[in-house]
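**Q** Okay, here's the structure, questions in a sec.
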Amino acid sequence: MPELPEVETVMRGMRLHLEGHKIATATTGRDGLRRPFPPGLGDSLRGRVITRFGRRGKYILVDLDDARTLLVHLGMSGRIVLGSDISVPAARHEHLLILTHQGARCGLVDPRRFGVVDLMRTEDVGAHPLLARMGPEPLGNGFDAVGLARAAAGRRTPIKSLLLDQRVVAGLGNIYVSEALFRAGIHPARMAASLDAAQCGALVGSIRDVLTEAIAAGGSSLRDYVKPDGELGYFQHAWRVYGRAGEGCPECPGPPACDGVMRITQAGRSSFFCPMRQEVGAEAEDLS
């Protein structure tokens, strides 16, 4: 699933391609994705000017000139395809197609249909059921060591699971949490409550760094994800532990000198870590 850096990259591409444009037509190829499309979505979008783009967690927000906002979530396999040939018909699995008077084409392709599209009043965005309980943005001022320590206090849950909880911090996913924990030297199975203030501070810094670097690289291209211009992101080439089980990390030589990066399963998801840099400690999830 695209994580924050991929969604941010897509949002920025849409902004460059579509901001200020007036929608000529908006057509849907079916009744909905994971949820039904809002009734009359095409008619609601037609004639509207796109005034601003934003992101909340893994959701793209498109503000319109009638004080309404289009919400888009890419789901597991969704992607945005941008172009300048409005004569191109909707492709297979292109479930929402927007054409503008300025000659731009924007299609939402989602083969597995786990994405979401909704339309609401802009003033109600913060209260939307999908957004209302989300935690602070990890690159914003609302996310800091004090807040993370407060969220972790008393929590007998692995720190990785805590960071994947969108109510604690918005937009983080499996890849970037694994990478941030490595940089901070914290084992993914470490109990959240066992982290001290210094470790929370190091983790916040690592999260900010890895996300900033990933956005600059256009995200990580994994399976279905490509940037809106059709190019691949390249941050996957900078992964230090994710997907590298059995290899060396930047801190150790790897086999045969040591076991190298290890993989464990937590809540059905793969976690990658370096046992030399990320000691599990006494306070850890029982993975036996």
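Each chain of the structure tokens is named A, B, ... in the order shown, its residues numbered from 1; ligands are numbered from 1 in display order.
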If we count only C-alpha atoms, what is near region 85-98 of chain A at a cut-off of 7 Å, once residues fewer than 3 positions away on the same chain are taken out, given as a ChimeraX atom specification?

**A** /A:23,25-30,103-111

**Q** With N, CA, C and O atoms retained, could you export that selection as a CSV table (one decimal), in the first residue's frame?

**A**
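Done, and the output landed in again22.csv:
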chain,number,residue,atom,x,y,z
A,23,ILE,N,-12.9,21.8,-14.3
A,23,ILE,CA,-13.3,20.5,-14.7
A,23,ILE,C,-14.3,20.5,-15.8
A,23,ILE,O,-15.4,21.1,-15.6
A,25,THR,N,-15.3,17.5,-17.6
A,25,THR,CA,-16.2,16.3,-17.3
A,25,THR,C,-15.5,15.4,-16.3
A,25,THR,O,-14.3,15.4,-16.1
A,26,ALA,N,-16.3,14.7,-15.6
A,26,ALA,CA,-15.9,13.7,-14.6
A,26,ALA,C,-16.8,12.5,-14.7
A,26,ALA,O,-18.0,12.6,-14.5
A,27,THR,N,-16.2,11.4,-15.1
A,27,THR,CA,-17.0,10.2,-15.4
A,27,THR,C,-16.5,9.0,-14.5
A,27,THR,O,-15.3,8.9,-14.2
A,28,THR,N,-17.4,8.2,-14.1
A,28,THR,CA,-17.1,7.0,-13.3
A,28,THR,C,-17.4,5.8,-14.1
A,28,THR,O,-18.4,5.7,-14.8
A,29,GLY,N,-16.5,4.8,-13.9
A,29,GLY,CA,-16.6,3.5,-14.6
A,29,GLY,C,-17.4,2.5,-13.9
A,29,GLY,O,-17.8,1.4,-14.5
A,30,ARG,N,-17.8,2.7,-12.7
A,30,ARG,CA,-18.6,1.8,-11.9
A,30,ARG,C,-19.2,2.6,-10.8
A,30,ARG,O,-19.1,3.8,-10.7
A,103,GLY,N,-7.2,21.2,-20.8
A,103,GLY,CA,-6.6,20.1,-21.6
A,103,GLY,C,-5.9,19.0,-20.8
A,103,GLY,O,-5.1,18.3,-21.3
A,104,ALA,N,-6.2,18.9,-19.5
A,104,ALA,CA,-5.5,17.9,-18.6
A,104,ALA,C,-6.4,16.7,-18.4
A,104,ALA,O,-7.6,16.8,-18.4
A,105,ARG,N,-5.8,15.6,-18.3
A,105,ARG,CA,-6.5,14.3,-18.0
A,105,ARG,C,-6.0,13.7,-16.8
A,105,ARG,O,-4.8,13.7,-16.5
A,106,CYS,N,-6.9,13.3,-15.9
A,106,CYS,CA,-6.5,12.6,-14.6
A,106,CYS,C,-7.4,11.4,-14.4
A,106,CYS,O,-8.6,11.5,-14.3
A,107,GLY,N,-6.8,10.3,-14.3
A,107,GLY,CA,-7.5,9.0,-14.1
A,107,GLY,C,-7.1,8.3,-12.8
A,107,GLY,O,-5.9,8.3,-12.5
A,108,LEU,N,-8.1,7.8,-12.2
A,108,LEU,CA,-7.8,6.9,-11.0
A,108,LEU,C,-7.9,5.5,-11.4
A,108,LEU,O,-9.0,5.0,-11.7
A,109,VAL,N,-6.8,4.8,-11.4
A,109,VAL,CA,-6.8,3.4,-11.8
A,109,VAL,C,-6.6,2.5,-10.5
A,109,VAL,O,-5.7,2.8,-9.7
A,110,ASP,N,-7.5,1.6,-10.3
A,110,ASP,CA,-7.5,0.8,-9.1
A,110,ASP,C,-8.0,-0.7,-9.4
A,110,ASP,O,-9.2,-1.0,-9.3
A,111,PRO,N,-7.1,-1.5,-9.8
A,111,PRO,CA,-7.5,-2.9,-10.2
A,111,PRO,C,-8.2,-3.7,-9.1
A,111,PRO,O,-9.2,-4.4,-9.3

**Q** Just list as a ChimeraX atom specification whatever in region 92-279 of chain A DSSP marks as alpha helix (DSSP H).

**A** /A:145-152,159-164,174-184,197-216

**Q** Nearest to Val177 (chain A) among A:Glu251, A:Glu279, A:Asp43, A:Asp165, with distances taken over only C-alpha atoms: which residue is it?

**A**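 Ranked by minimum distance to Val177 (chain A), first place goes to A:Asp165.
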
**Q** Which residues, written as a compact mmCIF listing (two decimals) with N, CA and C atoms, in the first residue's frame, have at least one atom at most 10 Å from Pro5 (chain A), with only C-alpha atoms counted and residues fewer than 4 positions away on the same chain left out?

**A**
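Wrote out.txt, looks like this:
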# COMPACT_ATOMS: atom_id res chain seq x y z
N THR A 9 3.97 12.37 -2.96
CA THR A 9 4.49 12.50 -4.32
C THR A 9 3.35 12.59 -5.34
N VAL A 10 2.35 11.73 -5.18
CA VAL A 10 1.19 11.76 -6.08
C VAL A 10 0.46 13.10 -5.96
N MET A 11 0.24 13.54 -4.72
CA MET A 11 -0.47 14.80 -4.51
C MET A 11 0.26 15.97 -5.16
N GLY A 57 -2.46 12.30 6.25
CA GLY A 57 -2.07 10.90 6.33
C GLY A 57 -1.85 10.34 4.94
N LYS A 58 -2.59 9.29 4.61
CA LYS A 58 -2.49 8.66 3.30
C LYS A 58 -3.63 9.08 2.37
N GLY A 171 -0.18 8.42 8.65
CA GLY A 171 0.51 8.20 7.38
C GLY A 171 1.64 7.21 7.37
N LEU A 172 2.09 6.75 8.54
CA LEU A 172 3.20 5.81 8.56
C LEU A 172 2.73 4.41 8.16
N GLY A 173 3.61 3.66 7.50
CA GLY A 173 3.33 2.30 7.10
C GLY A 173 4.52 1.41 7.35
N TYR A 176 8.41 2.45 6.11
CA TYR A 176 9.10 3.58 6.73
C TYR A 176 9.22 3.45 8.23
N VAL A 210 13.67 9.92 7.48
CA VAL A 210 13.40 8.91 6.46
C VAL A 210 12.25 9.34 5.56
N LEU A 211 11.25 10.00 6.11
CA LEU A 211 10.14 10.47 5.28
C LEU A 211 10.59 11.59 4.34
N THR A 212 11.39 12.51 4.85
CA THR A 212 11.88 13.62 4.03
C THR A 212 12.73 13.09 2.88
N GLU A 213 13.60 12.14 3.16
CA GLU A 213 14.45 11.58 2.11
C GLU A 213 13.62 10.80 1.10
N ALA A 214 12.61 10.08 1.57
CA ALA A 214 11.77 9.30 0.66
C ALA A 214 10.95 10.20 -0.25
N ILE A 215 10.43 11.29 0.27
CA ILE A 215 9.67 12.23 -0.56
C ILE A 215 10.58 12.83 -1.63
N ALA A 216 11.80 13.19 -1.24
CA ALA A 216 12.75 13.75 -2.21
C ALA A 216 13.08 12.75 -3.31
N ALA A 217 13.01 11.44 -2.99
CA ALA A 217 13.29 10.40 -3.97
C ALA A 217 12.06 9.97 -4.75
N GLY A 218 10.92 10.61 -4.48
CA GLY A 218 9.70 10.23 -5.19
C GLY A 218 9.04 8.99 -4.66
N GLY A 219 9.36 8.62 -3.40
CA GLY A 219 8.76 7.45 -2.79
C GLY A 219 9.49 6.18 -3.18
N SER A 220 8.93 5.06 -2.72
CA SER A 220 9.49 3.74 -3.02
C SER A 220 8.56 3.03 -4.00
N GLY A 233 9.49 5.87 -8.39
CA GLY A 233 10.26 6.42 -7.30
C GLY A 233 11.48 5.54 -7.07
N PHE A 235 13.38 5.45 -3.81
CA PHE A 235 13.87 5.34 -2.44
C PHE A 235 14.10 3.89 -2.03

**Q** Tell me which protein, DNA and RNA residues are within 6 Å of Ala192 (chain A), counting only C-alpha atoms, leaving out same-chain ones fewer than 5 positions away, and put them as a compact mmCIF listing (two decimals) with all heavy atoms, in the first residue's frame.

**A**
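New file selection.txt:
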# COMPACT_ATOMS: atom_id res chain seq x y z
N ALA A 152 3.16 6.50 24.14
CA ALA A 152 3.78 5.21 24.46
C ALA A 152 3.64 4.83 25.93
O ALA A 152 3.74 3.65 26.27
CB ALA A 152 5.25 5.24 24.07
N ARG A 155 1.92 1.61 27.49
CA ARG A 155 1.42 0.77 26.39
C ARG A 155 2.24 -0.51 26.29
O ARG A 155 3.42 -0.47 25.92
CB ARG A 155 1.46 1.54 25.07
CG ARG A 155 0.55 2.75 25.02
CD ARG A 155 -0.91 2.36 24.95
NE ARG A 155 -1.23 1.65 23.73
CZ ARG A 155 -1.58 2.25 22.59
NH1 ARG A 155 -1.62 3.57 22.53
NH2 ARG A 155 -1.86 1.53 21.53
N THR A 157 2.50 -2.71 24.08
CA THR A 157 2.38 -3.08 22.67
C THR A 157 3.72 -2.79 22.01
O THR A 157 4.43 -1.87 22.42
CB THR A 157 1.25 -2.28 21.99
OG1 THR A 157 1.02 -2.77 20.69
CG2 THR A 157 1.59 -0.80 21.90
N PRO A 158 4.10 -3.57 21.01
CA PRO A 158 5.39 -3.31 20.34
C PRO A 158 5.41 -1.91 19.74
O PRO A 158 4.39 -1.42 19.23
CB PRO A 158 5.45 -4.39 19.25
CG PRO A 158 4.55 -5.48 19.73
CD PRO A 158 3.45 -4.79 20.48
N ILE A 159 6.57 -1.27 19.78
CA ILE A 159 6.68 0.09 19.27
C ILE A 159 6.32 0.16 17.79
O ILE A 159 5.73 1.15 17.35
CB ILE A 159 8.10 0.65 19.52
CG1 ILE A 159 8.20 2.10 19.07
CG2 ILE A 159 9.16 -0.23 18.87
CD1 ILE A 159 7.22 3.05 19.72

**Q** Step one, run DSSP on the backbone; step two, keep only residues of region 13-99 of chain A assigned to strand (DSSP E or B); then write them as a ChimeraX atom specification.

**A** /A:22-28,32,36,49-56,59-64,68-73,79-83,94-99

**Q** For Glu179 (chain A), work out the shell of residues within 8 Å, counting only C-alpha atoms and skipping chain neighbours fewer than 3 positions away, then give it as a VMD selection string.

**A** chain A and resid 175 to 176 182 to 183 210 239 to 242

**Q** Neighbouring residues of Gly54 (chain A) were defined as those with any atom within 12 Å, considering only C-alpha atoms; residues of the same chain fewer than 2 positions away were excluded. Please report them as number ranges by chain.

**A** A: 7-15, 19, 50-52, 56-64, 69-72, 122, 125

**Q** Using only C-alpha atoms for the distances, tell me which of A:Gly47, A:Gly140, A:Pro275, A:Pro255 is nearest to Thr100 (chain A).

**A**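 Comparing A:Gly47, A:Gly140, A:Pro275, A:Pro255 against Thr100 (chain A), the winner is A:Gly47.
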
**Q** List as a count of residues only the protein and nucleic acid residues near Arg167 (chain A), meaning an atom at most 9 Å away when only C-alpha atoms are counted, but skip any in the same chain fewer than 5 places from it.

**A** 4

**Q** In Å, how far is it from CA of Ala145 (chain A) to CA of Met191 (chain A)?

**A** 16.4 Å

**Q** Check the smallest atom-to-atom distance from each of A:Arg46, A:Arg113, A:His101, A:Arg277 to Pro188 (chain A) using only C-alpha atoms, then report the winner.

**A**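 Among A:Arg46, A:Arg113, A:His101, A:Arg277, it is A:Arg277 that comes nearest to Pro188 (chain A).
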